[in-house]
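final-v1.txt follows (compact mmCIF, C-alpha atoms):
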# COMPACT_ATOMS: atom_id res chain seq x y z
CA MET A 22 -5.60 56.96 -15.14
CA PRO A 23 -2.32 56.94 -13.17
CA GLU A 24 0.84 57.74 -15.11
CA ASN A 25 3.70 55.29 -15.30
CA HIS A 26 6.83 56.96 -13.82
CA ARG A 27 9.10 53.91 -14.05
CA PRO A 28 12.31 54.53 -16.01
CA GLY A 29 12.84 52.76 -19.34
CA TRP A 30 15.67 50.58 -18.05
CA PHE A 31 13.28 49.08 -15.48
CA SER A 32 11.07 47.55 -18.18
CA GLY A 33 14.15 46.17 -19.92
CA VAL A 34 15.44 44.49 -16.77
CA LEU A 35 11.99 43.09 -16.03
CA PHE A 36 11.75 41.70 -19.57
CA LEU A 37 15.18 40.05 -19.33
CA LEU A 38 14.27 38.58 -15.94
CA ILE A 39 11.06 37.04 -17.29
CA VAL A 40 12.87 35.67 -20.35
CA GLY A 41 15.56 34.24 -18.06
CA ILE A 42 13.02 32.49 -15.85
CA LEU A 43 11.22 31.08 -18.88
CA LEU A 44 14.49 29.81 -20.34
CA VAL A 45 15.43 28.07 -17.09
CA GLN A 46 11.95 26.47 -16.91
CA CYS A 47 12.04 25.32 -20.53
CA SER A 48 15.57 23.94 -20.30
CA SER A 49 14.60 21.73 -17.37
CA GLU A 50 13.27 18.37 -18.48
CA PHE A 51 11.36 18.07 -15.23
CA PRO A 52 9.82 21.36 -14.21
CA VAL A 53 8.71 21.59 -10.60
CA GLU A 54 5.06 20.56 -10.47
CA HIS A 55 4.54 20.88 -6.71
CA ASP A 56 7.16 22.09 -4.27
CA LEU A 57 6.79 20.41 -0.89
CA SER A 58 10.39 21.09 0.15
CA GLN A 59 9.32 23.63 2.78
CA LYS A 60 6.32 21.65 3.98
CA ALA A 61 6.12 18.95 6.65
CA PHE A 62 3.31 16.42 6.84
CA ARG A 63 3.30 14.21 9.93
CA LEU A 64 2.35 10.74 8.77
CA ILE A 65 2.56 7.18 10.15
CA ASP A 66 4.14 4.25 8.34
CA GLN A 67 3.07 0.60 8.14
CA ASN A 68 4.92 -0.13 11.37
CA GLY A 69 3.28 2.70 13.30
CA HIS A 70 6.41 4.86 13.16
CA SER A 71 6.12 8.60 12.72
CA VAL A 72 7.28 9.93 9.35
CA THR A 73 7.65 13.55 8.27
CA PHE A 74 6.91 13.79 4.58
CA PRO A 75 8.86 14.67 2.52
CA ALA A 76 11.69 15.74 4.86
CA ASP A 77 12.44 12.19 6.06
CA PHE A 78 13.12 11.17 2.47
CA ARG A 79 15.56 13.99 1.73
CA ASP A 80 18.45 12.91 -0.51
CA THR A 81 16.42 10.15 -2.11
CA VAL A 82 14.43 10.24 -5.29
CA LEU A 83 10.87 9.22 -4.54
CA LEU A 84 8.11 7.58 -6.49
CA VAL A 85 4.87 8.30 -4.67
CA ALA A 86 1.50 6.74 -5.48
CA PHE A 87 -1.85 7.49 -3.89
CA ILE A 88 -3.88 4.36 -3.21
CA TYR A 89 -6.30 2.82 -0.74
CA THR A 90 -6.27 -0.80 0.27
CA ALA A 91 -9.99 -1.45 -0.36
CA CYS A 92 -9.54 -0.37 -3.97
CA PRO A 93 -10.09 -3.45 -6.13
CA ASP A 94 -9.25 -2.24 -9.64
CA ILE A 95 -7.11 0.89 -10.15
CA CYS A 96 -4.83 0.82 -7.08
CA PRO A 97 -3.67 -2.77 -7.65
CA LEU A 98 -2.73 -1.72 -11.19
CA THR A 99 -0.77 1.27 -9.90
CA THR A 100 0.93 -0.83 -7.22
CA ASP A 101 1.78 -3.44 -9.84
CA ARG A 102 3.27 -0.78 -12.15
CA LEU A 103 5.34 0.66 -9.32
CA LEU A 104 6.47 -2.81 -8.29
CA GLU A 105 7.70 -3.41 -11.83
CA VAL A 106 9.58 -0.10 -11.73
CA SER A 107 11.19 -1.03 -8.40
CA LYS A 108 12.42 -4.33 -9.84
CA ARG A 109 14.25 -2.45 -12.59
CA ILE A 110 16.01 0.01 -10.30
CA PRO A 111 19.13 -1.30 -8.53
CA LYS A 112 18.71 -1.49 -4.76
CA GLU A 113 21.87 0.49 -4.07
CA LEU A 114 20.49 3.62 -5.78
CA PRO A 115 18.91 6.27 -3.52
CA VAL A 116 15.36 5.66 -4.73
CA ARG A 117 12.39 4.87 -2.51
CA PHE A 118 8.80 3.87 -3.21
CA VAL A 119 6.00 5.38 -1.18
CA LEU A 120 2.31 4.52 -1.10
CA ILE A 121 0.12 7.11 0.60
CA THR A 122 -3.42 6.14 1.48
CA LEU A 123 -6.44 8.12 0.35
CA ASP A 124 -8.52 6.36 3.00
CA PRO A 125 -6.92 7.16 6.38
CA GLN A 126 -10.09 6.18 8.19
CA ARG A 127 -9.81 2.51 7.23
CA ASP A 128 -6.14 2.20 6.32
CA THR A 129 -4.47 1.69 9.67
CA PRO A 130 -0.76 0.81 9.82
CA GLN A 131 -1.79 -2.84 10.24
CA GLN A 132 -3.97 -2.68 7.14
CA LEU A 133 -1.08 -1.13 5.20
CA ARG A 134 1.21 -3.90 6.43
CA SER A 135 -1.27 -6.49 5.11
CA TYR A 136 -1.27 -4.69 1.77
CA ALA A 137 2.55 -4.72 1.69
CA ASP A 138 2.48 -8.41 2.52
CA LEU A 139 -0.03 -9.13 -0.26
CA TYR A 140 2.27 -7.53 -2.86
CA GLN A 141 5.45 -8.82 -1.18
CA LEU A 142 6.87 -5.30 -1.06
CA ASP A 143 10.47 -4.97 0.08
CA LEU A 144 10.03 -2.75 3.12
CA GLN A 145 13.69 -1.74 3.00
CA ARG A 146 12.73 0.33 -0.04
CA TRP A 147 8.99 0.81 0.34
CA ARG A 148 7.01 2.83 2.87
CA LEU A 149 3.26 2.81 3.18
CA LEU A 150 1.89 5.91 4.86
CA THR A 151 -1.32 6.92 6.56
CA GLY A 152 -2.18 9.76 8.93
CA THR A 153 -5.00 11.80 10.33
CA ILE A 154 -7.78 12.71 7.93
CA ALA A 155 -6.79 16.39 8.26
CA THR A 156 -3.14 15.71 7.39
CA ILE A 157 -3.95 13.49 4.42
CA ASP A 158 -6.43 16.11 3.18
CA SER A 159 -3.80 18.81 3.56
CA LEU A 160 -1.21 16.77 1.65
CA ARG A 161 -3.73 15.98 -1.08
CA SER A 162 -4.58 19.64 -1.36
CA ALA A 163 -0.91 20.63 -1.65
CA MET A 164 -0.46 18.09 -4.45
CA GLU A 165 -3.84 18.61 -6.14
CA ILE A 166 -4.89 15.01 -5.60
CA TYR A 167 -8.65 14.56 -5.76
CA ALA A 168 -10.40 11.97 -3.58
CA VAL A 169 -14.11 11.71 -2.84
CA ARG A 170 -16.02 8.87 -1.28
CA SER A 171 -18.78 7.08 -3.16
CA PRO A 172 -22.18 6.91 -1.43
CA LEU A 173 -22.27 4.47 1.49
CA LYS A 174 -23.69 1.01 0.82
CA LYS A 175 -24.40 -1.80 3.24
CA LEU A 176 -23.36 -5.43 3.32
CA PRO A 177 -25.96 -8.07 4.28
CA ASP A 178 -24.56 -7.99 7.83
CA GLY A 179 -25.20 -4.25 8.04
CA THR A 180 -21.56 -3.18 7.67
CA ALA A 181 -21.20 -0.02 5.62
CA TYR A 182 -18.73 0.11 2.73
CA TYR A 183 -17.66 2.66 0.19
CA PHE A 184 -15.19 3.27 -2.56
CA ILE A 185 -13.16 6.35 -3.39
CA ASN A 186 -13.09 8.20 -6.69
CA HIS A 187 -9.60 9.59 -6.95
CA THR A 188 -6.82 11.00 -9.06
CA ASP A 189 -4.95 8.16 -10.70
CA ALA A 190 -1.45 9.45 -10.01
CA LEU A 191 2.12 8.30 -9.66
CA CYS A 192 4.46 11.17 -8.77
CA LEU A 193 8.22 11.49 -9.18
CA PHE A 194 9.94 13.56 -6.47
CA ASP A 195 13.49 14.88 -6.52
CA ARG A 196 15.89 14.73 -3.57
CA GLN A 197 14.67 18.11 -2.30
CA GLY A 198 11.05 17.05 -1.94
CA ARG A 199 9.73 18.64 -5.10
CA GLU A 200 7.36 16.82 -7.44
CA ARG A 201 8.97 16.87 -10.87
CA GLN A 202 6.85 14.51 -12.97
CA ARG A 203 3.43 12.93 -12.80
CA TYR A 204 2.14 9.81 -14.55
CA LYS A 205 -1.23 8.12 -14.83
CA GLY A 206 -0.57 5.54 -12.12
CA SER A 207 -2.57 2.59 -13.42
CA GLU A 208 -1.16 2.91 -16.93
CA ALA A 209 2.33 4.21 -16.19
CA ASP A 210 4.91 3.15 -18.75
CA VAL A 211 7.46 1.27 -16.63
CA GLU A 212 10.35 1.95 -19.01
CA GLU A 213 9.54 5.66 -19.14
CA VAL A 214 9.40 5.95 -15.35
CA VAL A 215 12.70 4.09 -14.94
CA ARG A 216 14.31 6.35 -17.55
CA ASP A 217 13.03 9.47 -15.78
CA VAL A 218 14.28 8.25 -12.40
CA GLN A 219 17.73 7.64 -13.84
CA GLN A 220 17.75 11.03 -15.52
CA LEU A 221 16.67 12.79 -12.35
CA LEU A 222 19.35 10.94 -10.37
CA SER A 223 22.02 12.02 -12.85
CA GLN A 224 20.91 15.66 -12.67
CA GLN A 225 21.27 15.98 -8.91
CA MET B 4 -16.86 -56.37 -17.88
CA ARG B 5 -15.56 -54.95 -21.15
CA TRP B 6 -19.10 -53.98 -22.34
CA GLN B 7 -19.73 -52.20 -19.03
CA GLY B 8 -16.62 -50.14 -19.62
CA ALA B 9 -17.77 -49.32 -23.14
CA ILE B 10 -21.19 -48.19 -21.87
CA GLY B 11 -19.49 -46.06 -19.24
CA PHE B 12 -17.32 -44.48 -21.92
CA LEU B 13 -20.37 -43.76 -24.13
CA LEU B 14 -22.24 -42.19 -21.20
CA LEU B 15 -19.20 -40.01 -20.47
CA LEU B 16 -19.03 -39.02 -24.15
CA LEU B 17 -22.73 -38.15 -24.13
CA TRP B 18 -22.27 -35.99 -21.01
CA ALA B 19 -19.23 -34.30 -22.51
CA CYS B 20 -21.15 -33.54 -25.73
CA SER B 21 -24.12 -32.09 -23.86
CA SER B 22 -21.92 -29.91 -21.66
CA SER B 23 -19.93 -28.67 -24.63
CA ASP B 24 -23.24 -27.65 -26.25
CA SER B 25 -24.12 -25.49 -23.30
CA THR B 26 -20.65 -23.96 -23.10
CA GLY B 27 -20.71 -23.58 -26.87
CA GLU B 28 -23.41 -20.96 -26.52
CA LEU B 29 -21.51 -19.00 -23.91
CA GLU B 30 -17.80 -19.33 -23.53
CA PHE B 31 -15.81 -18.08 -20.57
CA ARG B 32 -12.21 -17.26 -21.32
CA ASN B 33 -9.31 -16.59 -19.01
CA PHE B 34 -11.43 -15.82 -15.96
CA ARG B 35 -9.33 -15.13 -12.89
CA ALA B 36 -9.72 -13.62 -9.44
CA THR B 37 -7.04 -11.32 -8.09
CA PRO B 38 -5.38 -12.27 -4.79
CA GLY B 39 -6.46 -10.53 -1.59
CA LYS B 40 -6.40 -10.80 2.16
CA LYS B 41 -9.49 -11.74 4.18
CA GLY B 42 -11.66 -8.63 4.44
CA PHE B 43 -10.01 -6.96 1.43
CA ASN B 44 -11.72 -6.49 -1.92
CA ALA B 45 -10.63 -8.28 -5.09
CA ALA B 46 -11.69 -8.35 -8.73
CA LEU B 47 -12.73 -10.90 -11.31
CA TYR B 48 -11.56 -10.45 -14.87
CA GLY B 49 -12.13 -12.46 -18.04
CA VAL B 50 -14.01 -12.61 -21.31
CA ILE B 51 -17.50 -13.95 -22.07
CA GLU B 52 -18.25 -14.92 -25.63
CA ASN B 53 -21.85 -15.09 -26.79
CA ASN B 54 -22.06 -17.53 -29.69
CA THR B 55 -25.85 -17.35 -30.04
CA ASP B 56 -27.99 -15.32 -32.41
CA PHE B 57 -29.47 -13.34 -29.52
CA PRO B 58 -28.13 -10.69 -27.18
CA GLU B 59 -27.61 -12.04 -23.69
CA THR B 60 -27.54 -10.02 -20.48
CA LEU B 61 -25.29 -10.94 -17.57
CA ARG B 62 -27.50 -9.90 -14.65
CA THR B 63 -25.53 -10.86 -11.55
CA VAL B 64 -22.44 -12.68 -10.43
CA THR B 65 -22.19 -14.38 -7.05
CA SER B 66 -19.43 -16.17 -5.21
CA PRO B 67 -19.14 -17.64 -1.72
CA ALA B 68 -15.63 -16.16 -1.63
CA ALA B 69 -16.98 -12.65 -0.96
CA LYS B 70 -19.72 -11.10 1.14
CA VAL B 71 -21.06 -9.23 -1.88
CA THR B 72 -20.28 -9.41 -5.58
CA GLU B 73 -21.07 -6.49 -7.90
CA ILE B 74 -20.49 -5.59 -11.52
CA HIS B 75 -18.60 -2.29 -11.76
CA ARG B 76 -16.98 -0.11 -14.33
CA THR B 77 -13.99 2.18 -13.81
CA VAL B 78 -14.35 5.41 -15.76
CA HIS B 79 -11.54 7.93 -16.20
CA THR B 80 -12.52 11.59 -16.37
CA ASP B 81 -9.88 14.34 -16.32
CA GLY B 82 -7.33 12.05 -14.67
CA ILE B 83 -9.78 10.89 -12.01
CA ALA B 84 -10.69 7.22 -11.72
CA MET B 85 -14.33 6.77 -10.80
CA MET B 86 -16.04 3.56 -9.82
CA GLN B 87 -19.51 3.13 -11.27
CA PRO B 88 -21.76 0.25 -10.19
CA VAL B 89 -23.57 -1.45 -13.07
CA PRO B 90 -26.63 -2.90 -11.32
CA GLU B 91 -28.49 -3.44 -14.58
CA GLY B 92 -25.84 -5.91 -15.75
CA VAL B 93 -24.08 -5.97 -19.08
CA VAL B 94 -25.34 -6.97 -22.52
CA ILE B 95 -23.27 -9.29 -24.67
CA PRO B 96 -24.37 -8.84 -28.29
CA PRO B 97 -24.87 -11.94 -30.47
CA HIS B 98 -21.64 -13.47 -31.81
CA SER B 99 -19.61 -11.00 -29.77
CA THR B 100 -17.45 -10.92 -26.70
CA PHE B 101 -17.56 -8.84 -23.55
CA SER B 102 -14.39 -8.20 -21.60
CA PHE B 103 -13.99 -7.62 -17.90
CA ARG B 104 -10.53 -6.13 -17.63
CA PRO B 105 -8.42 -3.97 -15.32
CA GLY B 106 -9.33 -0.29 -15.48
CA ASP B 107 -12.64 -0.97 -17.22
CA TYR B 108 -15.60 -3.28 -16.53
CA HIS B 109 -14.84 -5.69 -13.71
CA ILE B 110 -16.61 -7.90 -11.23
CA MET B 111 -15.88 -6.82 -7.72
CA LEU B 112 -15.52 -9.28 -4.86
CA ILE B 113 -16.34 -7.17 -1.84
CA GLN B 114 -14.93 -8.19 1.54
CA LEU B 115 -13.33 -11.55 0.92
CA GLN B 116 -14.50 -14.25 3.32
CA HIS B 117 -10.98 -15.69 3.40
CA SER B 118 -7.62 -14.81 1.93
CA LEU B 119 -7.09 -15.64 -1.73
CA GLN B 120 -3.59 -16.60 -2.78
CA VAL B 121 -2.12 -17.38 -6.16
CA GLY B 122 -2.89 -21.04 -6.85
CA ASP B 123 -6.24 -21.01 -5.01
CA SER B 124 -9.52 -21.19 -6.87
CA ILE B 125 -13.02 -19.92 -6.12
CA GLU B 126 -16.52 -20.84 -7.23
CA VAL B 127 -18.41 -18.24 -9.20
CA THR B 128 -21.96 -18.27 -10.58
CA PHE B 129 -22.93 -16.10 -13.53
CA SER B 130 -26.68 -15.49 -13.89
CA PHE B 131 -28.15 -14.46 -17.23
CA ALA B 132 -31.43 -13.05 -18.46
CA ARG B 133 -32.10 -15.89 -20.92
CA MET B 134 -29.81 -18.79 -20.25
CA ALA B 135 -29.37 -20.96 -17.20
CA PRO B 136 -26.79 -19.88 -14.62
CA GLN B 137 -23.24 -20.90 -15.37
CA HIS B 138 -21.01 -22.19 -12.59
CA LEU B 139 -17.28 -21.75 -12.92
CA VAL B 140 -14.25 -22.58 -10.84
CA VAL B 141 -11.95 -19.60 -11.28
CA PRO B 142 -8.23 -19.63 -10.49
CA VAL B 143 -6.64 -16.93 -8.32
CA LYS B 144 -3.79 -15.21 -10.12
CA TRP B 145 -2.51 -11.74 -10.85
CA ARG B 146 -2.70 -11.87 -14.66
Write-out of the structure in C-alpha cells:
Amino acid sequence: MPENHRPGWFSGVLFLLIVGILLVQCSSEFPVEHDLSQKAFRLIDQNGHSVTFPADFRDTVLLVAFIYTACPDICPLTTDRLLEVSKRIPKELPVRFVLITLDPQRDTPQQLRSYADLYQLDLQRWRLLTGTIATIDSLRSAMEIYAVRSPLKKLPDGTAYYFINHTDALCLFDRQGRERQRYKGSEADVEEVVRDVQQLLSQQ
Amino acid sequence: MRWQGAIGFLLLLLWACSSSDSTGELEFRNFRATPGKKGFNAALYGVIENNTDFPETLRTVTSPAAKVTEIHRTVHTDGIAMMQPVPEGVVIPPHSTFSFRPGDYHIMLIQLQHSLQVGDSIEVTFSFARMAPQHLVVPVKWR
C-alpha cells in the first residue's frame, strides 16, 4: 500500500476548501443545477431566425419549458402555467419565456408560430425554438431532459402519428445561462415561480 | 287553436321527461374540448356520472372534429409524463363518477379536421357497453 507523504497542513487546507464550497452552495437559494454558460446550441426560432442558446439571452432571466406542439395534455398545461407567470411579471423586467420543442422533426418554425398564435403569446417576450434533431438531443442531454417517442400508429388515411413521453419540466435560468431551479411544468405553482424570478433578479 | 297548443306543450313535456330519464342514468358534466389549430391535437375533459346500480364501461368516443379519437391516460413516473392509450375503455362504477381531467385520464382528439376556437362547439358520441350511445354538443374552451 503506498504511503501518504502529504504534509499535515495540506489536509487542513483541503478540509477548509471543501467546507467553504459547501457553505457557498448551501447559502445560495438557487444552486446551479445545469451550467450552460459555456455552451452554445444553434437553434431556430418561430420566425426562422437563428438563435444561439443560451448566449443570445444573456442578461435576461429565462423561464424555459420543453414542449411539443402535438402534445394534447401535459404541454398545454405547462404553457398555460408559464403564460400565467408571464402575466404577473412586468414587461419592463429582463425576463423572457422560452419554449423548446422536444419534437424537432414535426415542429417547424411555422408550426411553432401556429402554437404561439393559439396561445396568443407575446412574441416580444416569448421565443419558441426548434433545431436539428442532433442539436435538440444534445441540449436535452446537457439538461437531463428525457424524451422518447411512443410506438408509431396510423390514421385511417395512412398517416403515421406518435406522442412523446418526456420530462415534465419548467426551468429557471439566471442571466449567465445557468439553470438555477426546476419545477414540474404542468403543475408549477405560479406564485412560487414569480417569487423565484423576482428573487433571482434581485440577486444579480 | 288553444287545444292544439296544449297538446304540443304536453308532447314537449313528454319528450323532455323521457330524455331526462335517459340522462338521469348517465350524466355528463362540464365537458369541454380544448382549442387547437387544424391538424393539431386537442383534448376532451369532463365528468361522467353513473347513476345506475350497475357498472358501465365507456368503450369509445368519436367526433367528426378529429381524424381519430382515443381514450388516454397521462402517468407521471420519476418526473416523466407518459401517455398511455386505454383501448379497453374505462369503467364507471355504480353511483360513482369518472373524471377526464388535465394530467390524468383524457379523451384525445387527434389531428383536428378544422381549427377549434373558444366559443365553437363540436359533436361527440360516447359509446358504452350497456347503454345506448350518448350524443353531446361540447363547447370549446380552455377551462
Closest to chain A among B:Val141, B:Ala68, B:Ile74, B:Met85, using only C-alpha atoms?
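Among the listed residues, the smallest separation from chain A belongs to B:Met85.
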Write out as CSV the residues of chain A that have any atom within 9 Å of an atom of chain B, one row each with the nearest atom pair and its distance in Å to one decimal, counting all atoms listed in the file, sorted by chain and then rising number.
residue,atom,partner,partner_atom,distance
A:Thr90,CA,B:Phe43,CA,7.3
A:Ala91,CA,B:Asn44,CA,5.6
A:Cys92,CA,B:Asn44,CA,6.8
A:Pro93,CA,B:Ala45,CA,5.0
A:Asp94,CA,B:Pro105,CA,6.0
A:Ile95,CA,B:Gly106,CA,5.9
A:Leu98,CA,B:Pro105,CA,7.4
A:Ser135,CA,B:Lys40,CA,7.3
A:Tyr136,CA,B:Lys40,CA,8.0
A:Leu139,CA,B:Gly39,CA,6.7
A:Tyr167,CA,B:Ile83,CA,7.3
A:Ala168,CA,B:Ile83,CA,8.5
A:Ser171,CA,B:Met86,CA,8.0
A:Leu176,CA,B:Val71,CA,6.8
A:Pro177,CA,B:Lys70,CA,7.6
A:Asp178,CA,B:Lys70,CA,8.8
A:Tyr182,CA,B:Ile113,CA,8.9
A:Phe184,CA,B:Met86,CA,7.3
A:Ile185,CA,B:Met85,CA,7.5
A:Asn186,CA,B:Met85,CA,4.5
A:His187,CA,B:Ile83,CA,5.2
A:Thr188,CA,B:Ile83,CA,4.2
A:Asp189,CA,B:Ile83,CA,5.7
A:Ala190,CA,B:Gly82,CA,7.9
A:Lys205,CA,B:Gly82,CA,7.3
A:Ser207,CA,B:Gly106,CA,7.6
A:Glu208,CA,B:Gly106,CA,8.9
Looking at only C-alpha atoms, which of A:Glu105, A:Ala137, A:Arg146, A:Thr73 is the one that sits closest to Lys60 of chain A?
A:Thr73
Atom-to-atom span, atom CA of Ile88 of chain A and atom CA of Pro142 of chain B, Å
25.4 Å
Between atom CA of Phe131 of chain B and atom CA of Thr63 of chain B, what is the distance in Å, rounded to a tenth?
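Between atom CA of Phe131 of chain B and atom CA of Thr63 of chain B the gap is 7.2 Å.
Between atom CA of Thr128 of chain B and atom CA of Asn54 of chain B the interatomic distance comes to 19.1 Å.
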Looking at only C-alpha atoms, which of A:Gln67, A:Gln219, A:Gln126, A:Gln224 is the one that sits closest to Arg109 of chain A?
A:Gln219
Excluding Pro58 of chain B and its own-chain neighbours fewer than 3 positions away, which residues fall within 7 Å of it when counting all atoms listed in the file? Please give them as JSON, numbers by chain.
{"B": [94, 95, 96, 97]}
Output requested as an mmCIF file, in the frame of the given file - segment 42-55 of chain B, filled out with N, CA and C atoms.
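Result file is part_3.cif:
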data_model
loop_
_atom_site.group_PDB
_atom_site.id
_atom_site.type_symbol
_atom_site.label_atom_id
_atom_site.label_comp_id
_atom_site.auth_asym_id
_atom_site.auth_seq_id
_atom_site.Cartn_x
_atom_site.Cartn_y
_atom_site.Cartn_z
ATOM 1 N N GLY B 42 -11.137 -9.963 4.135
ATOM 2 C CA GLY B 42 -11.660 -8.630 4.440
ATOM 3 C C GLY B 42 -11.331 -7.589 3.382
ATOM 4 N N PHE B 43 -10.338 -7.867 2.526
ATOM 5 C CA PHE B 43 -10.010 -6.960 1.430
ATOM 6 C C PHE B 43 -11.042 -7.146 0.307
ATOM 7 N N ASN B 44 -10.938 -6.307 -0.706
ATOM 8 C CA ASN B 44 -11.720 -6.490 -1.920
ATOM 9 C C ASN B 44 -10.815 -7.057 -3.013
ATOM 10 N N ALA B 45 -11.405 -7.746 -3.964
ATOM 11 C CA ALA B 45 -10.630 -8.280 -5.090
ATOM 12 C C ALA B 45 -11.483 -8.120 -6.344
ATOM 13 N N ALA B 46 -10.950 -8.509 -7.465
ATOM 14 C CA ALA B 46 -11.690 -8.350 -8.730
ATOM 15 C C ALA B 46 -11.642 -9.634 -9.540
ATOM 16 N N LEU B 47 -12.673 -9.787 -10.355
ATOM 17 C CA LEU B 47 -12.730 -10.900 -11.310
ATOM 18 C C LEU B 47 -12.597 -10.309 -12.696
ATOM 19 N N TYR B 48 -11.736 -10.900 -13.486
ATOM 20 C CA TYR B 48 -11.560 -10.450 -14.870
ATOM 21 C C TYR B 48 -11.674 -11.655 -15.802
ATOM 22 N N GLY B 49 -12.043 -11.396 -17.044
ATOM 23 C CA GLY B 49 -12.130 -12.460 -18.040
ATOM 24 C C GLY B 49 -13.025 -12.022 -19.180
ATOM 25 N N VAL B 50 -13.238 -12.939 -20.101
ATOM 26 C CA VAL B 50 -14.010 -12.610 -21.310
ATOM 27 C C VAL B 50 -15.157 -13.606 -21.443
ATOM 28 N N ILE B 51 -16.355 -13.079 -21.758
ATOM 29 C CA ILE B 51 -17.500 -13.950 -22.070
ATOM 30 C C ILE B 51 -17.806 -13.799 -23.553
ATOM 31 N N GLU B 52 -17.921 -14.937 -24.198
ATOM 32 C CA GLU B 52 -18.250 -14.920 -25.630
ATOM 33 C C GLU B 52 -19.658 -15.460 -25.826
ATOM 34 N N ASN B 53 -20.467 -14.685 -26.500
ATOM 35 C CA ASN B 53 -21.850 -15.090 -26.790
ATOM 36 C C ASN B 53 -21.907 -15.613 -28.221
ATOM 37 N N ASN B 54 -22.052 -16.930 -28.347
ATOM 38 C CA ASN B 54 -22.060 -17.530 -29.690
ATOM 39 C C ASN B 54 -23.468 -17.736 -30.245
ATOM 40 N N THR B 55 -24.470 -17.163 -29.576
ATOM 41 C CA THR B 55 -25.850 -17.350 -30.040
ATOM 42 C C THR B 55 -26.247 -16.214 -30.987
#
